[in-house]
Amino acid sequence: MGEQQVRWRVLFSGRVQHVGFRYTAYYLARDLYLTGWVDNLPDGRVEMEVQGGVSRVRKLLLQLKGASHIHINHMDITELPLKPHDRRFGVRGYD
């Protein structure tokens, strides 16, 4: 039996915009074989939906928290239903 699969919506607050957060998340998620997306919000937070094995999703969050150019003050995590046809991780809202 494989690892438990999860889909989480994560809202990040702190110094998370204009620091390369979305592209850092993209490359890390891709390397961990995760799917979903990441986007900037108008209020200065970053929103991400990420799906995959629970240990890999947790690893992504730890890697983002440890990135020197990003400063996360808070992560609000909500569990969502899996999207079985999700095949890639994308960056939304090119600005």
# chains A, B, ... in the order shown; residues from 1 in each chain; ligands from 1
>>> select_by_dssp(residues="chain A", states="strand (DSSP E)", output="number ranges by chain")
A: 5-15, 35-40, 46-53, 71-80, 89-91
>>> residues_around(residues="stretch 31-35 of chain A", least_positions_apart="4", cutoff="10 Å", atoms="only C-alpha atoms", output="PyMOL selection string")
chain A and resi 7+25-27+49-53+55-57+59-60+83+85-90
>>> write_last_selection(atoms="N, CA and C atoms", output="CSV table (one decimal), in the first residue's frame")
chain,number,residue,atom,x,y,z
A,7,ARG,N,-4.4,16.6,-0.4
A,7,ARG,CA,-4.4,17.9,-1.1
A,7,ARG,C,-4.7,19.0,0.0
A,25,ALA,N,8.6,27.6,-5.1
A,25,ALA,CA,7.6,26.6,-4.8
A,25,ALA,C,7.4,25.7,-6.0
A,26,TYR,N,7.4,26.3,-7.2
A,26,TYR,CA,7.2,25.5,-8.4
A,26,TYR,C,8.3,24.5,-8.6
A,27,TYR,N,9.6,24.9,-8.5
A,27,TYR,CA,10.7,24.0,-8.7
A,27,TYR,C,10.8,23.0,-7.6
A,49,GLU,N,-2.3,25.4,-3.5
A,49,GLU,CA,-2.9,24.1,-3.4
A,49,GLU,C,-1.9,23.1,-3.8
A,50,VAL,N,-1.6,22.1,-3.0
A,50,VAL,CA,-0.6,21.1,-3.3
A,50,VAL,C,-1.1,19.8,-3.0
A,51,GLN,N,-0.8,18.8,-3.9
A,51,GLN,CA,-1.3,17.5,-3.8
A,51,GLN,C,-0.2,16.5,-4.0
A,52,GLY,N,-0.2,15.4,-3.2
A,52,GLY,CA,0.8,14.3,-3.3
A,52,GLY,C,0.9,13.6,-2.0
A,53,GLY,N,1.9,12.8,-1.9
A,53,GLY,CA,2.2,12.0,-0.7
A,53,GLY,C,2.4,12.9,0.5
A,55,SER,N,4.2,12.9,3.2
A,55,SER,CA,5.6,13.2,3.6
A,55,SER,C,6.3,14.2,2.6
A,56,ARG,N,5.9,14.1,1.3
A,56,ARG,CA,6.5,15.0,0.3
A,56,ARG,C,5.9,16.4,0.4
A,57,VAL,N,4.6,16.5,0.7
A,57,VAL,CA,4.0,17.8,0.9
A,57,VAL,C,4.6,18.5,2.1
A,59,LYS,N,7.6,17.9,3.3
A,59,LYS,CA,8.9,18.3,2.9
A,59,LYS,C,8.9,19.6,2.1
A,60,LEU,N,8.0,19.8,1.2
A,60,LEU,CA,7.9,21.0,0.5
A,60,LEU,C,7.7,22.2,1.4
A,83,LYS,N,-7.8,15.8,-6.2
A,83,LYS,CA,-8.2,16.0,-7.6
A,83,LYS,C,-7.4,14.9,-8.4
A,85,HIS,N,-7.2,13.9,-11.3
A,85,HIS,CA,-6.7,14.2,-12.7
A,85,HIS,C,-5.7,15.3,-12.7
A,86,ASP,N,-5.3,15.8,-11.5
A,86,ASP,CA,-4.2,16.8,-11.4
A,86,ASP,C,-2.9,16.2,-11.9
A,87,ARG,N,-2.2,16.8,-12.8
A,87,ARG,CA,-1.0,16.2,-13.4
A,87,ARG,C,0.3,17.0,-13.2
A,88,ARG,N,0.1,18.3,-12.8
A,88,ARG,CA,1.3,19.1,-12.8
A,88,ARG,C,1.2,20.2,-11.7
A,89,PHE,N,2.2,20.9,-11.5
A,89,PHE,CA,2.2,22.0,-10.5
A,89,PHE,C,2.4,23.3,-11.3
A,90,GLY,N,1.6,24.3,-11.2
A,90,GLY,CA,1.7,25.5,-12.0
A,90,GLY,C,1.8,26.8,-11.1
>>> closest_residue(among="A:Val54, A:Pro42, A:Glu47, A:Gly36", to="A:Gly2", atoms="only C-alpha atoms")
A:Val54
>>> select_by_dssp(residues="chain A", states="alpha helix (DSSP H)", output="number ranges by chain")
A: 21-31, 54-66
>>> atom_distance(atom1="atom CA of A:Val6", atom2="atom CA of A:Leu64")
18.1 Å
>>> closest_residue(among="A:Arg92, A:Trp37, A:Gln4, A:Val46", to="A:Ile72", atoms="only C-alpha atoms")
A:Val46
>>> atom_distance(atom1="atom CA of A:Leu80", atom2="atom CA of A:Arg22")
20.3 Å
>>> closest_residue(among="A:His69, A:Leu61, A:Gly20, A:Arg15", to="A:Met48", atoms="only C-alpha atoms")
A:Leu61
>>> residues_around(residues="A:Thr78", least_positions_apart="3", cutoff="9 Å", atoms="only C-alpha atoms", output="short mmCIF file (atom, residue, chain, number, x, y, z; two decimals) with N, CA and C atoms, in the first residue's frame")
data_model
loop_
_atom_site.label_atom_id
_atom_site.label_comp_id
_atom_site.auth_asym_id
_atom_site.auth_seq_id
_atom_site.Cartn_x
_atom_site.Cartn_y
_atom_site.Cartn_z
N ARG A 7 -4.38 16.64 -0.37
CA ARG A 7 -4.40 17.91 -1.09
C ARG A 7 -4.66 18.97 -0.04
N TRP A 8 -3.71 19.90 0.08
CA TRP A 8 -3.82 20.95 1.08
C TRP A 8 -3.87 22.32 0.40
N ARG A 9 -4.70 23.17 0.96
CA ARG A 9 -4.67 24.60 0.61
C ARG A 9 -3.87 25.28 1.70
N VAL A 10 -2.83 25.98 1.31
CA VAL A 10 -1.95 26.64 2.28
C VAL A 10 -1.93 28.13 1.97
N LEU A 11 -2.21 28.93 2.98
CA LEU A 11 -2.08 30.39 2.88
C LEU A 11 -0.84 30.79 3.66
#
>>> atom_distance(atom1="atom CA of A:Phe12", atom2="atom CA of A:Val38")
10.5 Å
>>> decode(residues="stretch 68-84 of chain A", atoms="all heavy atoms", output="PDB file, in the first residue's frame")
ATOM      1  N   SER A  68      16.223  30.954   2.331  1.00  0.00           N
ATOM      2  CA  SER A  68      16.807  32.161   2.933  1.00  0.00           C
ATOM      3  C   SER A  68      16.137  33.451   2.473  1.00  0.00           C
ATOM      4  O   SER A  68      16.094  34.426   3.221  1.00  0.00           O
ATOM      5  CB  SER A  68      18.302  32.222   2.626  1.00  0.00           C
ATOM      6  OG  SER A  68      18.505  32.273   1.229  1.00  0.00           O
ATOM      7  N   HIS A  69      15.593  33.484   1.270  1.00  0.00           N
ATOM      8  CA  HIS A  69      15.013  34.715   0.722  1.00  0.00           C
ATOM      9  C   HIS A  69      13.527  34.870   1.045  1.00  0.00           C
ATOM     10  O   HIS A  69      12.926  35.880   0.719  1.00  0.00           O
ATOM     11  CB  HIS A  69      15.226  34.758  -0.788  1.00  0.00           C
ATOM     12  CG  HIS A  69      14.650  33.577  -1.517  1.00  0.00           C
ATOM     13  ND1 HIS A  69      15.186  32.310  -1.410  1.00  0.00           N
ATOM     14  CD2 HIS A  69      13.577  33.470  -2.331  1.00  0.00           C
ATOM     15  CE1 HIS A  69      14.463  31.484  -2.138  1.00  0.00           C
ATOM     16  NE2 HIS A  69      13.480  32.159  -2.716  1.00  0.00           N
ATOM     17  N   ILE A  70      12.948  33.862   1.682  1.00  0.00           N
ATOM     18  CA  ILE A  70      11.527  33.865   2.043  1.00  0.00           C
ATOM     19  C   ILE A  70      11.416  33.881   3.557  1.00  0.00           C
ATOM     20  O   ILE A  70      12.169  33.187   4.233  1.00  0.00           O
ATOM     21  CB  ILE A  70      10.834  32.603   1.472  1.00  0.00           C
ATOM     22  CG1 ILE A  70      10.856  32.616  -0.060  1.00  0.00           C
ATOM     23  CG2 ILE A  70       9.415  32.462   1.999  1.00  0.00           C
ATOM     24  CD1 ILE A  70      10.466  31.285  -0.685  1.00  0.00           C
ATOM     25  N   HIS A  71      10.488  34.670   4.078  1.00  0.00           N
ATOM     26  CA  HIS A  71      10.261  34.670   5.526  1.00  0.00           C
ATOM     27  C   HIS A  71       8.773  34.430   5.781  1.00  0.00           C
ATOM     28  O   HIS A  71       7.948  35.325   5.606  1.00  0.00           O
ATOM     29  CB  HIS A  71      10.705  35.991   6.162  1.00  0.00           C
ATOM     30  CG  HIS A  71      10.541  36.003   7.643  1.00  0.00           C
ATOM     31  ND1 HIS A  71      11.385  35.313   8.485  1.00  0.00           N
ATOM     32  CD2 HIS A  71       9.620  36.585   8.416  1.00  0.00           C
ATOM     33  CE1 HIS A  71      10.975  35.482   9.730  1.00  0.00           C
ATOM     34  NE2 HIS A  71       9.907  36.253   9.721  1.00  0.00           N
ATOM     35  N   ILE A  72       8.434  33.205   6.173  1.00  0.00           N
ATOM     36  CA  ILE A  72       7.051  32.829   6.425  1.00  0.00           C
ATOM     37  C   ILE A  72       6.744  33.050   7.909  1.00  0.00           C
ATOM     38  O   ILE A  72       7.392  32.471   8.773  1.00  0.00           O
ATOM     39  CB  ILE A  72       6.807  31.351   6.047  1.00  0.00           C
ATOM     40  CG1 ILE A  72       7.039  31.152   4.546  1.00  0.00           C
ATOM     41  CG2 ILE A  72       5.397  30.917   6.456  1.00  0.00           C
ATOM     42  CD1 ILE A  72       7.073  29.691   4.122  1.00  0.00           C
ATOM     43  N   ASN A  73       5.758  33.914   8.176  1.00  0.00           N
ATOM     44  CA  ASN A  73       5.316  34.133   9.558  1.00  0.00           C
ATOM     45  C   ASN A  73       4.264  33.122   9.980  1.00  0.00           C
ATOM     46  O   ASN A  73       4.206  32.732  11.141  1.00  0.00           O
ATOM     47  CB  ASN A  73       4.722  35.536   9.720  1.00  0.00           C
ATOM     48  CG  ASN A  73       5.759  36.623   9.587  1.00  0.00           C
ATOM     49  OD1 ASN A  73       6.944  36.402   9.822  1.00  0.00           O
ATOM     50  ND2 ASN A  73       5.321  37.802   9.188  1.00  0.00           N
ATOM     51  N   HIS A  74       3.416  32.731   9.010  1.00  0.00           N
ATOM     52  CA  HIS A  74       2.300  31.852   9.354  1.00  0.00           C
ATOM     53  C   HIS A  74       1.867  31.054   8.131  1.00  0.00           C
ATOM     54  O   HIS A  74       1.901  31.563   7.012  1.00  0.00           O
ATOM     55  CB  HIS A  74       1.119  32.684   9.878  1.00  0.00           C
ATOM     56  CG  HIS A  74      -0.041  31.849  10.325  1.00  0.00           C
ATOM     57  ND1 HIS A  74      -0.017  31.105  11.476  1.00  0.00           N
ATOM     58  CD2 HIS A  74      -1.246  31.631   9.763  1.00  0.00           C
ATOM     59  CE1 HIS A  74      -1.174  30.465  11.601  1.00  0.00           C
ATOM     60  NE2 HIS A  74      -1.941  30.764  10.570  1.00  0.00           N
ATOM     61  N   MET A  75       1.476  29.801   8.372  1.00  0.00           N
ATOM     62  CA  MET A  75       0.890  28.956   7.337  1.00  0.00           C
ATOM     63  C   MET A  75      -0.458  28.474   7.847  1.00  0.00           C
ATOM     64  O   MET A  75      -0.529  27.857   8.907  1.00  0.00           O
ATOM     65  CB  MET A  75       1.771  27.724   7.049  1.00  0.00           C
ATOM     66  CG  MET A  75       3.046  28.038   6.339  1.00  0.00           C
ATOM     67  SD  MET A  75       3.953  26.538   5.844  1.00  0.00           S
ATOM     68  CE  MET A  75       4.639  26.022   7.415  1.00  0.00           C
ATOM     69  N   ASP A  76      -1.510  28.789   7.111  1.00  0.00           N
ATOM     70  CA  ASP A  76      -2.857  28.316   7.439  1.00  0.00           C
ATOM     71  C   ASP A  76      -3.168  27.178   6.468  1.00  0.00           C
ATOM     72  O   ASP A  76      -3.263  27.399   5.260  1.00  0.00           O
ATOM     73  CB  ASP A  76      -3.853  29.464   7.289  1.00  0.00           C
ATOM     74  CG  ASP A  76      -5.270  29.058   7.647  1.00  0.00           C
ATOM     75  OD1 ASP A  76      -5.440  28.092   8.414  1.00  0.00           O
ATOM     76  OD2 ASP A  76      -6.212  29.705   7.150  1.00  0.00           O
ATOM     77  N   ILE A  77      -3.320  25.952   6.994  1.00  0.00           N
ATOM     78  CA  ILE A  77      -3.467  24.759   6.163  1.00  0.00           C
ATOM     79  C   ILE A  77      -4.875  24.201   6.298  1.00  0.00           C
ATOM     80  O   ILE A  77      -5.364  24.001   7.408  1.00  0.00           O
ATOM     81  CB  ILE A  77      -2.437  23.684   6.558  1.00  0.00           C
ATOM     82  CG1 ILE A  77      -1.013  24.236   6.390  1.00  0.00           C
ATOM     83  CG2 ILE A  77      -2.633  22.414   5.733  1.00  0.00           C
ATOM     84  CD1 ILE A  77       0.065  23.335   6.954  1.00  0.00           C
ATOM     85  N   THR A  78      -5.508  23.957   5.154  1.00  0.00           N
ATOM     86  CA  THR A  78      -6.840  23.351   5.096  1.00  0.00           C
ATOM     87  C   THR A  78      -6.757  22.126   4.201  1.00  0.00           C
ATOM     88  O   THR A  78      -6.203  22.194   3.100  1.00  0.00           O
ATOM     89  CB  THR A  78      -7.861  24.346   4.495  1.00  0.00           C
ATOM     90  OG1 THR A  78      -7.826  25.560   5.222  1.00  0.00           O
ATOM     91  CG2 THR A  78      -9.267  23.761   4.519  1.00  0.00           C
ATOM     92  N   GLU A  79      -7.324  21.005   4.642  1.00  0.00           N
ATOM     93  CA  GLU A  79      -7.350  19.807   3.807  1.00  0.00           C
ATOM     94  C   GLU A  79      -8.489  19.918   2.804  1.00  0.00           C
ATOM     95  O   GLU A  79      -9.601  20.338   3.143  1.00  0.00           O
ATOM     96  CB  GLU A  79      -7.513  18.550   4.662  1.00  0.00           C
ATOM     97  CG  GLU A  79      -7.277  17.292   3.865  1.00  0.00           C
ATOM     98  CD  GLU A  79      -6.891  16.106   4.723  1.00  0.00           C
ATOM     99  OE1 GLU A  79      -6.611  16.278   5.915  1.00  0.00           O
ATOM    100  OE2 GLU A  79      -6.885  14.994   4.166  1.00  0.00           O
ATOM    101  N   LEU A  80      -8.207  19.530   1.555  1.00  0.00           N
ATOM    102  CA  LEU A  80      -9.180  19.574   0.463  1.00  0.00           C
ATOM    103  C   LEU A  80      -9.359  18.171  -0.112  1.00  0.00           C
ATOM    104  O   LEU A  80      -8.489  17.310   0.066  1.00  0.00           O
ATOM    105  CB  LEU A  80      -8.687  20.499  -0.654  1.00  0.00           C
ATOM    106  CG  LEU A  80      -8.451  21.959  -0.307  1.00  0.00           C
ATOM    107  CD1 LEU A  80      -7.799  22.665  -1.488  1.00  0.00           C
ATOM    108  CD2 LEU A  80      -9.740  22.634   0.092  1.00  0.00           C
ATOM    109  N   PRO A  81     -10.445  17.958  -0.864  1.00  0.00           N
ATOM    110  CA  PRO A  81     -10.595  16.680  -1.566  1.00  0.00           C
ATOM    111  C   PRO A  81      -9.511  16.533  -2.631  1.00  0.00           C
ATOM    112  O   PRO A  81      -9.099  17.518  -3.251  1.00  0.00           O
ATOM    113  CB  PRO A  81     -11.978  16.772  -2.214  1.00  0.00           C
ATOM    114  CG  PRO A  81     -12.674  17.905  -1.545  1.00  0.00           C
ATOM    115  CD  PRO A  81     -11.624  18.830  -1.030  1.00  0.00           C
ATOM    116  N   LEU A  82      -9.064  15.306  -2.851  1.00  0.00           N
ATOM    117  CA  LEU A  82      -8.079  15.036  -3.897  1.00  0.00           C
ATOM    118  C   LEU A  82      -8.671  15.335  -5.267  1.00  0.00           C
ATOM    119  O   LEU A  82      -9.868  15.183  -5.482  1.00  0.00           O
ATOM    120  CB  LEU A  82      -7.641  13.573  -3.846  1.00  0.00           C
ATOM    121  CG  LEU A  82      -6.851  13.137  -2.624  1.00  0.00           C
ATOM    122  CD1 LEU A  82      -6.616  11.632  -2.672  1.00  0.00           C
ATOM    123  CD2 LEU A  82      -5.537  13.882  -2.509  1.00  0.00           C
ATOM    124  N   LYS A  83      -7.812  15.782  -6.180  1.00  0.00           N
ATOM    125  CA  LYS A  83      -8.183  15.963  -7.587  1.00  0.00           C
ATOM    126  C   LYS A  83      -7.419  14.896  -8.371  1.00  0.00           C
ATOM    127  O   LYS A  83      -6.251  15.094  -8.712  1.00  0.00           O
ATOM    128  CB  LYS A  83      -7.841  17.370  -8.069  1.00  0.00           C
ATOM    129  CG  LYS A  83      -8.686  18.442  -7.422  1.00  0.00           C
ATOM    130  CD  LYS A  83      -8.430  19.795  -8.041  1.00  0.00           C
ATOM    131  CE  LYS A  83      -9.347  20.839  -7.428  1.00  0.00           C
ATOM    132  NZ  LYS A  83      -9.052  22.170  -7.985  1.00  0.00           N
ATOM    133  N   PRO A  84      -8.056  13.762  -8.642  1.00  0.00           N
ATOM    134  CA  PRO A  84      -7.335  12.632  -9.235  1.00  0.00           C
ATOM    135  C   PRO A  84      -6.743  12.902 -10.610  1.00  0.00           C
ATOM    136  O   PRO A  84      -5.817  12.218 -11.023  1.00  0.00           O
ATOM    137  CB  PRO A  84      -8.370  11.516  -9.291  1.00  0.00           C
ATOM    138  CG  PRO A  84      -9.683  12.148  -9.066  1.00  0.00           C
ATOM    139  CD  PRO A  84      -9.460  13.456  -8.397  1.00  0.00           C
TER     140      PRO A  84
END
